[in-house]
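Source file: input38.txt (compact mmCIF, C-alpha atoms)
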```txt
# COMPACT_ATOMS: atom_id res chain seq x y z
CA MET A 1 109.45 108.40 103.94
CA THR A 2 108.45 104.97 102.74
CA ALA A 3 110.95 103.56 100.26
CA ALA A 4 110.32 104.29 96.61
CA GLY A 5 108.15 101.73 94.84
CA HIS A 6 106.06 100.82 97.90
CA ILE A 7 102.64 102.46 98.18
CA PRO A 8 100.58 101.44 101.24
CA VAL A 9 96.95 100.74 100.32
CA MET A 10 94.13 102.73 101.98
CA ARG A 11 96.51 104.26 104.51
CA ALA A 12 94.17 107.14 105.41
CA GLU A 13 91.23 104.79 106.03
CA MET A 14 93.43 102.50 108.14
CA LEU A 15 94.63 105.39 110.30
CA ALA A 16 91.13 106.81 110.78
CA LEU A 17 89.86 103.46 112.09
CA LEU A 18 92.91 102.59 114.16
CA ALA A 19 93.07 106.09 115.70
CA PRO A 20 96.57 105.74 117.23
CA ARG A 21 96.95 107.54 120.57
CA ALA A 22 99.84 108.63 122.73
CA GLY A 23 101.11 105.76 124.84
CA GLY A 24 99.17 103.17 122.82
CA ARG A 25 100.60 99.76 121.91
CA TYR A 26 100.07 98.58 118.34
CA LEU A 27 101.06 95.78 115.99
CA ASP A 28 101.69 95.88 112.26
CA ALA A 29 101.35 92.14 111.66
CA THR A 30 102.50 92.32 108.02
CA PHE A 31 105.33 94.87 107.95
CA GLY A 32 106.24 94.49 104.25
CA GLY A 33 107.46 97.84 102.95
CA GLY A 34 106.72 99.59 106.24
CA GLY A 35 104.04 101.94 104.93
CA TYR A 36 101.48 101.25 107.64
CA ALA A 37 104.15 101.18 110.35
CA GLU A 38 105.50 104.56 109.31
CA ALA A 39 102.01 106.08 109.26
CA ILE A 40 101.15 104.76 112.74
CA LEU A 41 104.42 105.94 114.28
CA ALA A 42 104.04 109.39 112.71
CA ALA A 43 100.42 109.73 113.87
CA ALA A 44 101.04 109.49 117.63
CA PRO A 45 103.88 108.93 120.14
CA CYS A 46 103.02 105.25 120.55
CA ALA A 47 104.87 101.92 120.64
CA LEU A 48 104.71 99.61 117.64
CA TRP A 49 105.72 96.00 117.08
CA ALA A 50 106.01 94.76 113.50
CA ILE A 51 106.13 91.19 112.19
CA ASP A 52 107.34 89.84 108.86
CA ARG A 53 108.51 86.40 107.80
CA ASP A 54 110.69 87.93 105.07
CA PRO A 55 114.21 88.60 106.39
CA GLU A 56 114.67 91.26 103.70
CA ALA A 57 111.68 93.18 105.07
CA ILE A 58 113.08 93.00 108.60
CA ALA A 59 116.43 94.32 107.34
CA ARG A 60 114.73 97.23 105.56
CA GLY A 61 112.82 98.04 108.73
CA ALA A 62 116.03 98.89 110.60
CA ARG A 63 116.09 102.32 108.95
CA LEU A 64 112.55 103.07 110.11
CA ALA A 65 113.41 101.92 113.62
CA ARG A 66 116.27 104.43 113.70
CA ARG A 67 113.87 107.22 112.72
CA PHE A 68 111.65 106.38 115.70
CA PRO A 69 114.15 105.32 118.37
CA GLY A 70 112.77 103.10 121.10
CA ARG A 71 109.30 102.92 119.53
CA LEU A 72 109.53 100.24 116.81
CA ALA A 73 110.42 96.60 117.51
CA LEU A 74 110.84 94.29 114.51
CA LEU A 75 110.00 90.59 114.92
CA GLU A 76 110.92 88.05 112.26
CA GLY A 77 108.35 85.29 111.89
CA CYS A 78 104.87 84.44 110.61
CA PHE A 79 101.99 86.64 111.73
CA GLY A 80 100.01 83.48 112.46
CA ASP A 81 102.52 82.98 115.29
CA MET A 82 102.07 86.51 116.65
CA LEU A 83 100.91 85.31 120.07
CA ALA A 84 104.16 83.43 120.69
CA LEU A 85 106.28 86.19 119.13
CA LEU A 86 104.70 88.93 121.23
CA THR A 87 104.70 86.85 124.42
CA ALA A 88 108.45 86.34 123.97
CA ALA A 89 108.77 90.12 123.56
CA GLY A 90 106.83 90.72 126.80
CA VAL A 91 103.65 91.97 125.16
CA ALA A 92 100.31 90.69 126.48
CA ARG A 93 97.83 93.35 125.32
CA LEU A 94 97.52 95.62 122.29
CA ASP A 95 95.39 98.65 121.48
CA GLY A 96 95.31 97.84 117.81
CA VAL A 97 96.42 95.38 115.13
CA VAL A 98 96.66 96.02 111.39
CA MET A 99 97.06 93.30 108.77
CA ASP A 100 97.67 93.97 105.08
CA LEU A 101 97.32 90.58 103.41
CA GLY A 102 98.77 91.58 100.05
CA LEU A 103 102.30 91.06 98.80
CA SER A 104 104.66 93.99 99.22
CA SER A 105 105.83 95.79 96.10
CA TYR A 106 109.36 94.62 96.90
CA GLN A 107 108.30 91.00 96.57
CA ILE A 108 106.25 91.52 93.43
CA ASP A 109 108.82 93.66 91.62
CA ASP A 110 111.89 91.53 92.35
CA PRO A 111 112.12 88.78 89.68
CA GLU A 112 114.43 86.76 91.93
CA ARG A 113 111.58 86.21 94.40
CA GLY A 114 109.53 84.40 91.75
CA PHE A 115 106.12 85.90 92.58
CA SER A 116 105.38 87.58 89.26
CA PHE A 117 104.93 86.24 85.76
CA ARG A 118 105.74 89.65 84.24
CA ALA A 119 109.51 89.14 84.50
CA ASP A 120 111.42 85.89 84.32
CA GLY A 121 112.97 84.54 87.50
CA PRO A 122 113.31 81.39 89.58
CA LEU A 123 109.97 79.76 90.41
CA ASP A 124 110.23 80.37 94.15
CA MET A 125 107.27 82.34 95.71
CA ARG A 126 108.39 81.83 99.32
CA MET A 127 107.74 84.86 101.51
CA GLY A 128 110.40 83.56 103.87
CA ARG A 129 113.40 81.46 102.89
CA ALA A 130 112.31 78.11 104.34
CA GLY A 131 110.17 75.26 103.08
CA PRO A 132 109.30 73.96 99.61
CA SER A 133 109.24 76.45 96.75
CA ALA A 134 106.67 76.70 93.97
CA ALA A 135 109.11 74.82 91.72
CA ASP A 136 109.24 72.00 94.25
CA LEU A 137 105.45 71.68 94.19
CA VAL A 138 105.12 71.96 90.41
CA ASN A 139 107.77 69.34 89.78
CA THR A 140 106.87 66.77 92.46
CA LEU A 141 103.15 66.79 93.28
CA PRO A 142 100.75 64.32 91.62
CA GLU A 143 98.47 65.64 88.89
CA ARG A 144 95.33 65.49 91.01
CA GLU A 145 96.90 67.39 93.90
CA LEU A 146 98.17 70.10 91.54
CA ALA A 147 94.71 70.43 90.02
CA ASP A 148 93.14 70.70 93.47
CA ILE A 149 95.56 73.49 94.46
CA LEU A 150 94.84 75.47 91.30
CA PHE A 151 91.09 75.08 91.71
CA GLU A 152 90.83 75.66 95.46
CA PHE A 153 93.32 78.49 95.91
CA GLY A 154 93.15 80.07 92.46
CA GLU A 155 89.51 79.35 91.58
CA GLU A 156 90.91 78.29 88.22
CA ARG A 157 88.25 76.63 86.04
CA HIS A 158 90.88 75.03 83.82
CA ALA A 159 92.80 73.50 86.72
CA ARG A 160 92.76 69.92 85.43
CA ARG A 161 93.93 70.95 81.97
CA ILE A 162 96.82 72.96 83.43
CA ALA A 163 97.81 70.14 85.78
CA ARG A 164 97.92 67.68 82.87
CA ALA A 165 100.12 70.07 80.90
CA ILE A 166 102.48 70.48 83.88
CA ILE A 167 102.88 66.72 84.22
CA ALA A 168 103.55 66.37 80.49
CA GLN A 169 106.13 69.16 80.49
CA ARG A 170 108.04 67.99 83.55
CA ARG A 171 108.51 64.56 81.94
CA ILE A 172 110.59 66.41 79.36
CA ALA A 173 112.33 68.86 81.69
CA PRO A 174 111.67 70.43 85.11
CA ILE A 175 109.71 73.70 85.23
CA THR A 176 112.04 76.02 87.13
CA THR A 177 111.25 79.58 86.02
CA THR A 178 108.27 81.90 86.20
CA ALA A 179 108.38 82.49 82.45
CA ALA A 180 108.23 78.76 81.71
CA LEU A 181 105.22 78.21 83.96
CA ALA A 182 103.41 81.30 82.71
CA ALA A 183 103.90 80.26 79.08
CA LEU A 184 102.57 76.78 79.83
CA VAL A 185 99.45 78.15 81.55
CA ARG A 186 98.78 80.70 78.79
CA ALA A 187 98.87 77.88 76.25
CA GLU A 188 96.12 76.05 78.15
CA VAL A 189 93.84 78.88 79.32
CA PRO A 190 91.87 81.04 76.86
CA ALA A 191 92.42 84.78 77.10
CA SER A 192 89.68 86.57 79.04
CA ALA A 193 87.76 89.64 77.95
CA ASP A 194 88.78 91.56 81.07
CA GLY A 195 92.44 91.54 80.04
CA ILE A 196 93.65 89.66 83.13
CA ASP A 197 96.66 87.50 82.29
CA PRO A 198 95.63 83.81 82.07
CA ALA A 199 98.51 82.91 84.42
CA THR A 200 97.19 85.12 87.26
CA ARG A 201 95.03 82.53 89.03
CA SER A 202 97.62 79.75 88.81
CA PHE A 203 100.36 81.95 90.26
CA GLN A 204 98.00 83.08 93.04
CA ALA A 205 97.13 79.47 93.88
CA LEU A 206 100.72 78.29 94.09
CA ARG A 207 101.76 81.32 96.18
CA ILE A 208 98.93 80.70 98.65
CA ARG A 209 99.85 77.01 98.93
CA VAL A 210 103.59 77.62 99.26
CA ASN A 211 103.08 80.09 102.12
CA ASP A 212 100.00 78.48 103.74
CA GLU A 213 98.40 81.91 103.47
CA LEU A 214 94.85 80.93 104.37
CA GLY A 215 96.04 79.03 107.43
CA GLU A 216 98.14 82.04 108.42
CA ILE A 217 95.11 84.33 108.13
CA THR A 218 92.98 82.04 110.28
CA ARG A 219 95.64 81.75 112.98
CA GLY A 220 96.47 85.45 112.79
CA LEU A 221 92.88 86.63 113.15
CA GLU A 222 92.27 84.53 116.22
CA ALA A 223 95.55 85.56 117.84
CA ALA A 224 94.96 89.25 117.07
CA ALA A 225 91.48 89.19 118.60
CA SER A 226 92.79 87.51 121.75
CA LEU A 227 95.48 90.19 122.16
CA LEU A 228 93.20 93.22 121.88
CA ALA A 229 92.74 95.28 125.03
CA PRO A 230 89.30 96.77 125.86
CA GLY A 231 88.47 99.14 123.02
CA GLY A 232 91.26 97.69 120.88
CA ARG A 233 90.80 97.52 117.12
CA LEU A 234 91.63 94.98 114.42
CA ILE A 235 91.94 96.26 110.85
CA VAL A 236 92.48 93.91 107.91
CA VAL A 237 93.01 94.67 104.23
CA ALA A 238 92.41 91.74 101.85
CA PHE A 239 93.00 91.58 98.12
CA HIS A 240 91.09 88.59 96.82
CA SER A 241 87.88 86.77 97.62
CA LEU A 242 89.44 83.79 99.43
CA GLU A 243 91.16 86.08 101.95
CA ASP A 244 88.23 88.44 102.32
CA ARG A 245 85.75 85.60 102.85
CA ILE A 246 87.73 84.34 105.85
CA VAL A 247 88.06 87.85 107.31
CA LYS A 248 84.39 88.65 106.79
CA ARG A 249 83.14 85.45 108.43
CA PHE A 250 85.55 85.73 111.34
CA MET A 251 84.58 89.32 112.11
CA ARG A 252 80.87 88.63 111.79
CA GLN A 253 81.09 85.65 114.11
CA ALA A 254 83.20 87.57 116.63
CA ALA A 255 80.54 90.31 116.59
CA GLY A 256 77.71 87.81 117.11
CA ARG A 257 76.54 87.81 113.51
CA ALA A 258 77.50 84.23 112.74
CA GLY A 259 77.03 83.03 109.20
CA GLY A 260 77.55 79.65 107.61
CA PRO A 261 80.51 77.49 108.65
CA SER A 262 83.81 77.43 106.77
CA ARG A 263 86.53 74.83 107.10
CA HIS A 264 89.10 77.64 107.27
CA GLU A 265 87.21 79.49 110.01
CA PRO A 266 88.34 79.56 113.65
CA ARG A 267 85.63 78.05 115.86
CA ARG A 268 86.52 79.83 119.08
CA TRP A 269 84.19 82.78 118.52
CA VAL A 270 81.14 80.85 117.34
CA GLY A 271 78.18 80.44 119.66
CA ALA A 272 79.14 82.95 122.35
CA ASP A 273 76.18 84.18 124.41
CA ALA A 274 77.31 87.81 124.34
CA PRO A 275 79.75 89.01 121.69
CA ASP A 276 82.94 90.68 122.85
CA PHE A 277 83.32 92.61 119.60
CA THR A 278 81.51 95.02 117.32
CA LEU A 279 81.91 95.58 113.59
CA LEU A 280 83.27 98.98 112.65
CA THR A 281 82.70 98.28 108.94
CA PRO A 282 79.35 96.53 108.31
CA ARG A 283 80.44 96.67 104.67
CA PRO A 284 84.05 96.67 103.51
CA LEU A 285 85.69 99.95 102.61
CA ARG A 286 87.11 100.17 99.09
CA PRO A 287 89.83 102.45 97.68
CA GLY A 288 88.65 105.56 95.88
CA ALA A 289 89.15 106.28 92.19
CA ALA A 290 91.98 108.72 92.92
CA GLU A 291 93.97 106.10 94.84
CA ILE A 292 93.44 103.47 92.14
CA ARG A 293 94.73 105.90 89.49
CA VAL A 294 97.93 106.40 91.48
CA ASN A 295 98.23 102.76 92.57
CA PRO A 296 96.38 100.30 90.28
CA ARG A 297 97.32 97.43 92.62
CA ALA A 298 94.87 98.87 95.15
CA ARG A 299 91.83 98.23 92.96
CA SER A 300 90.86 94.90 94.56
CA ALA A 301 91.52 95.92 98.19
CA ARG A 302 88.79 95.55 100.82
CA LEU A 303 89.24 96.91 104.33
CA ARG A 304 87.32 95.49 107.29
CA ALA A 305 87.58 96.50 110.96
CA LEU A 306 86.51 95.10 114.31
CA ALA A 307 86.67 96.52 117.86
CA ARG A 308 86.62 94.82 121.24
CA LEU A 309 83.77 96.18 123.34
CA PRO A 310 85.24 97.95 126.39
CA ALA A 311 82.59 96.90 128.96
CA VAL A 312 82.38 93.27 127.88
CA ALA A 313 86.15 92.93 127.59
CA ALA A 314 86.66 94.38 131.04
CA ARG A 315 84.07 92.07 132.59
CA THR A 316 85.62 89.07 130.87
CA GLU A 317 89.03 89.92 132.30
CA GLU A 318 87.59 90.29 135.81
CA GLU A 319 85.83 86.93 135.58
CA THR A 320 88.98 85.12 134.43
CA THR A 321 91.03 86.54 137.32
CA THR A 322 88.49 85.89 140.09
CA PRO A 323 89.64 82.99 142.36
```
Let me see the structure of the file written as structure tokens.
Amino acid sequence: MTAAGHIPVMRAEMLALLAPRAGGRYLDATFGGGGYAEAILAAAPCALWAIDRDPEAIARGARLARRFPGRLALLEGCFGDMLALLTAAGVARLDGVVMDLGLSSYQIDDPERGFSFRADGPLDMRMGRAGPSAADLVNTLPERELADILFEFGEERHARRIARAIIAQRRIAPITTTAALAALVRAEVPASADGIDPATRSFQALRIRVNDELGEITRGLEAAASLLAPGGRLIVVAFHSLEDRIVKRFMRQAAGRAGGPSRHEPRRWVGADAPDFTLLTPRPLRPGAAEIRVNPRARSARLRALARLPAVAARTEEETTTP
């Protein structure tokens, strides 16, 4: 069973699209609480690799690996580096990749990780344990750069006002806790009619910047597509518009339905004469009302899926190996 407190989002929809088969080789690129990994391993006698940059997630995964001996390999690192991680593990082709771009419940619910404004803790937000923390950014970056982060990654309309308040506060004392930052933002941003906490967008923006999440998604999508065997499937669950926009454009371009350019978008798949992929979800799947009642965090989830075309993929492989 998945550990208490972690509820995988749209698990049934993910499994239906991935369709794990006996002897298949799959990747859970964002292991987190292990919900997707457990479901895949239970669905078919297949092999699964799982990636997570969080050493705590890798440690938790050891129990699941013992339940499925010889079938689950845990790889610590960023999913944007999956090509290098899997190559080092001797994996060149996969029958399916799943990516859940949301935070795990363990990260959200642990105040010491600094992701949530609902409980006080150190202003950290690092999914791994390396690199600058959110506190480092808040207390060192210039006002304009802070405002740009809040606007670009949080779509925060009051970004400049918040950035000015941060600069003013840190002249008095450093901002080192989630409660201190949340209180500062709430003092600058009017309450919204939808009941969303005014600190939500600022915390999202800093988390994305700290972990280079949009860059990770771009690198991960391209690597995942390159690893898919003929007929292989890529399934991605996103939780906010910035993530979903990148996934949508990438999948449409890979399937030959190119839209407008994006500076975050991989260029490799644009302009191909014959697409190697087909969309399995012309429109994103959304969680049902019953799931949202059980798990309110699922309400913003959007699932998109892509498949490599067997005939085209096979021909491409033949052409690349012909002397």
With the cut-off set at 10 Å and counting all atoms listed in the file, tabulate each residue of stretch 18-108 of chain A with an atom at most that distance from an atom of stretch 128-151 of chain A, showing the nearest atom pair and its distance in Å to one decimal, ordered by chain and increasing number, as a Markdown table.
```
| residue | atom | partner | partner_atom | distance |
| --- | --- | --- | --- | --- |
| A:Asp52 | CA | A:Gly128 | CA | 8.6 |
| A:Arg53 | CA | A:Gly128 | CA | 5.2 |
| A:Asp54 | CA | A:Gly128 | CA | 4.5 |
| A:Pro55 | CA | A:Gly128 | CA | 6.8 |
| A:Glu56 | CA | A:Gly128 | CA | 8.8 |
| A:Ala57 | CA | A:Gly128 | CA | 9.8 |
| A:Glu76 | CA | A:Gly128 | CA | 9.5 |
| A:Gly77 | CA | A:Gly128 | CA | 8.5 |
| A:Cys78 | CA | A:Gly128 | CA | 8.8 |
```
How would the residues just picked look written out with C-alpha atoms as a CSV table (one decimal), in the frame of the given file?
```csv
chain,number,residue,atom,x,y,z
A,52,ASP,CA,107.3,89.8,108.9
A,53,ARG,CA,108.5,86.4,107.8
A,54,ASP,CA,110.7,87.9,105.1
A,55,PRO,CA,114.2,88.6,106.4
A,56,GLU,CA,114.7,91.3,103.7
A,57,ALA,CA,111.7,93.2,105.1
A,76,GLU,CA,110.9,88.0,112.3
A,77,GLY,CA,108.4,85.3,111.9
A,78,CYS,CA,104.9,84.4,110.6
```
- Go through A:Gly23, A:Gly61, A:Gly215, A:Gly80 one by one, measure the shortest atom-to-atom distance of each to A:Met99 using only C-alpha atoms, and give the residue with the smallest value. A:Gly80
Output as CSV one row per residue of stretch 13-33 of chain A within 8 Å of stretch 232-248 of chain A: the closest atom pair and its distance in Å to one decimal place, counting only C-alpha atoms, sorted by chain and residue number ascending.
```
residue,atom,partner,partner_atom,distance
A:Met14,CA,A:Ile235,CA,7.0
A:Leu17,CA,A:Ile235,CA,7.6
A:Leu18,CA,A:Arg233,CA,6.2
```
For those residues, write C-alpha atoms to a file as a compact mmCIF listing (two decimals), in the coordinates of the input.
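Output saved as out.txt:
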```
# COMPACT_ATOMS: atom_id res chain seq x y z
CA MET A 14 93.43 102.50 108.14
CA LEU A 17 89.86 103.46 112.09
CA LEU A 18 92.91 102.59 114.16
```
- Considering all atoms listed in the file, state which residue in the set A:Arg157, A:Ile7, A:Met125, A:Ala305 is at the smallest distance from A:Pro190.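 Closest residue, counting all atoms listed in the file: A:Arg157.
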Using all atoms listed in the file, what does the table of stretch 176-264 of chain A residues within 10 Å of stretch 108-118 of chain A look like, with each row giving the shortest atom pair and its distance in Å to one decimal, sorted by chain and ascending number, as a tab-separated table?
```
residue	atom	partner	partner_atom	distance
A:Thr176	CA	A:Gly114	CA	9.9
A:Thr177	CA	A:Gly114	CA	7.7
A:Thr178	CA	A:Phe117	CA	5.5
A:Ala179	CA	A:Phe117	CA	6.1
A:Ala180	CA	A:Phe117	CA	9.1
A:Leu181	CA	A:Phe117	CA	8.2
A:Ala182	CA	A:Phe117	CA	6.0
A:Ala183	CA	A:Phe117	CA	9.0
A:Asp197	CA	A:Phe117	CA	9.1
A:Ala199	CA	A:Phe117	CA	7.4
A:Thr200	CA	A:Phe117	CA	8.0
A:Phe203	CA	A:Phe115	CA	7.4
A:Gln204	CA	A:Phe115	CA	8.6
A:Leu206	CA	A:Phe115	CA	9.5
A:Arg207	CA	A:Phe115	CA	7.3
```
- Message: One number please: atom CA of A:Pro284 to atom CA of A:Arg201, in Å, one decimal.
- Response: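 Pair atom CA of A:Pro284 / atom CA of A:Arg201 returns 23.0 Å.
Atom pair atom CA of A:Ala298 / atom CA of A:Glu216 has a distance of 21.7 Å (rounded to one decimal).
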- Task: Just the residues within 9 Å of A:Pro198, please, counting all atoms listed in the file, with nothing from its chain fewer than 2 positions along; format it as an MDAnalysis selection string.
- Result: chainID A and resid 182 185:192 195:196 200:202
- Task: Go ahead and compute the interatomic distance for atom CA of A:Pro275 and atom CA of A:Ala223, in Å to one decimal.
- Result: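 Interatomic distance here is 16.6 Å.
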Can you tell me, as AutoDock Vina command-line options, the centre and edge lengths (Å, one decimal) of the axis-aligned box enclosing all of stretch 220-225 of chain A's listed atoms after padding each side by 6 Å?
```
--center_x 94.0 --center_y 86.9 --center_z 115.7 --size_x 17.0 --size_y 16.7 --size_z 17.8
```
- Task: Would you kindly return, as a ChimeraX atom specification, each protein, DNA or RNA residue with an atom no farther than 7 Å from any atom of A:Ala47, considering only C-alpha atoms and excluding same-chain residues fewer than 2 positions away?
- Result: /A:23-26,49,71-72
- Closest to A:Cys46 among A:Ile166, A:Leu279, A:Leu94, A:Ala193, using only C-alpha atoms? A:Leu94
- Message: Need to verify the contact set: A:Gly231, 6 Å, only C-alpha atoms, exclusion of same-chain residues closer than 6 positions in sequence. Can you return it as number ranges by chain?
- Response: A: 308-310
